[in-house]
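Novice: Questions regarding the structure given below will be posed in turn.
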Amino acid sequence: MRIEYASKVHSQYILENDKHISKELIQNKIQEKEIIIVFDIENKYIGWLRYGYFWDNTPFMNMLYIHENYRHMGIGKKLVEFWEKQMKSKGYHLVMTSTLSNEEAQHFYRKLGYRDSGSLLLENEPLEIIFTKKI
């Protein structure tokens with residue numbers, strides 16, 4: 001397994017798989033090193049982590065995706081730990097993420113030490129749980 005920041009060569013993979021972000025924003029995020037890619041031992045794409053900044057000053061993980069065949073193998077945990085280490089090396093002491101209340105990801109984040117810190121309720125949507133973690 002290999003983890004690295006995405007570069008332009010990865011943009012097509014991200015564009016084809018991350019349906020929550022525009023092509024223009026993908027290019028910006030790659031340039032700003034806000035997308036991290038994980039590969040298997042044969043250099044096949046396993047998944048990615050995309051982040052931004054809440055209030056423009058707190059790293060916020062917007063997307064963590066591991067392809068189905070690679071789930072429950074500790075890869076997501078290693079990817080999140082890599083991101084947290086990178087954020088700590090940049091001087092941050094707190095990171096954030098969120099997930100819908102009807103998604104299993106909430107249990108994953110709690111196991112990694114993330115704490116429930118609030119919620120957001122949008123019309124006709126399940127409750128969005130906000131998580132924080134001191135790093």
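Going through the structure tokens in order, the chains are called A, B, and so on, while each chain numbers its residues from 1 and the ligands are numbered from 1 in the order shown.
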Leaving out Asp116 in chain A and any residue of its chain fewer than 5 positions from it, which residues lie within 12 Å of it when counting only C-alpha atoms, given as a list in words?

Specialist: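 The filter keeps Met96, Thr97, Ser98, Thr99, Ser101, Gln106, His107, Tyr109, Arg110, Lys111, Glu128, Ile129, Ile130, Phe131, Thr132 and Lys133 of chain A.
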
Novice: Report as a PyMOL selection string: the residues of chain A with a DSSP assignment of alpha helix (DSSP H), based on the backbone of this structure.

Specialist: chain A and resi 11-17+23-31+75-89+105-111

Novice: Can you pull out the residues contacting Glu42 in chain A? Cut-off 10 Å, using only C-alpha atoms, and skip same-chain residues under 3 positions away; I want them as a list of chain:residue names.

Specialist: A:Met1, A:Arg2, A:Phe39, A:Tyr45

Novice: Could you list, as a list in words, every residue within 12 Å of Lys85 in chain A, counting only C-alpha atoms and ignoring same-chain residues fewer than 6 positions away?

Specialist: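 The filter keeps Pro59, Lys78, Leu79, Gly91, Tyr92, His93, Leu94, Val95, Lys134 and Ile135 of chain A.
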
Novice: Tell me, in Å to one decimal, how far CA of Asn17 in chain A is from CA of Ile3 in chain A.

Specialist: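 Value for the CA of Asn17 in chain A-CA of Ile3 in chain A distance: 17.5 Å.
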
Novice: Pick out the residues sitting within 10 Å of Gly76 in chain A, and hand them over as a list in words; count only C-alpha atoms, and ignore anything fewer than 2 positions along from it in its own chain.

Specialist: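 Those residues are Val38, Ile46, Gly47, Trp48, Leu49, Leu64, Tyr65, Ile66, His67, Tyr70, Arg71, His72, Met73, Gly74, Lys78, Leu79, Val80, Glu81, Phe82 and Phe108 of chain A.
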
Novice: To one decimal place, how far is CA of Tyr5 in chain A from CA of Glu34 in chain A in Å?

Specialist: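 CA of Glu34 in chain A lies at a distance of 7.5 Å from CA of Tyr5 in chain A.
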
Novice: CA of Glu4 in chain A to CA of Lys33 in chain A: how many Å, to one decimal?

Specialist: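 Going from CA of Glu4 in chain A over to CA of Lys33 in chain A, I get 9.7 Å.
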
Novice: For Gly52 in chain A, which residue out of A:Leu121, A:Ile14, A:Val9, A:Ile36 is the nearest one, using only C-alpha atoms?

Specialist: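 Checking each candidate against Gly52 in chain A, we get A:Ile36 as the closest.
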
Novice: Taking only C-alpha atoms into account, name the residue in A:Ala6, A:Leu15, A:Asp56, A:Met63 that is nearest to Gln31 in chain A.

Specialist: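 Of A:Ala6, A:Leu15, A:Asp56, A:Met63, the one nearest Gln31 in chain A, counting only C-alpha atoms, is A:Ala6.
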
Novice: Which of these, A:Asp40, A:Tyr51, A:Lys8, A:Lys77, has the shortest distance to Ile21 in chain A once you count only C-alpha atoms?

Specialist: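 Result for the nearest residue to Ile21 in chain A: A:Tyr51.
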
Novice: Which neighbours of Ser11 in chain A fall inside 10 Å, counting only C-alpha atoms, when residues of the same chain fewer than 6 positions from it are skipped, and could you give them as a PyMOL selection string?

Specialist: chain A and resi 17+23+26-27+29-30+35

Novice: Extract the full set of strand (DSSP E or B) residues from range 14-106 of chain A according to DSSP on the backbone, and format it as a ChimeraX atom specification.

Specialist: /A:35-39,45-54,58-66,94-100
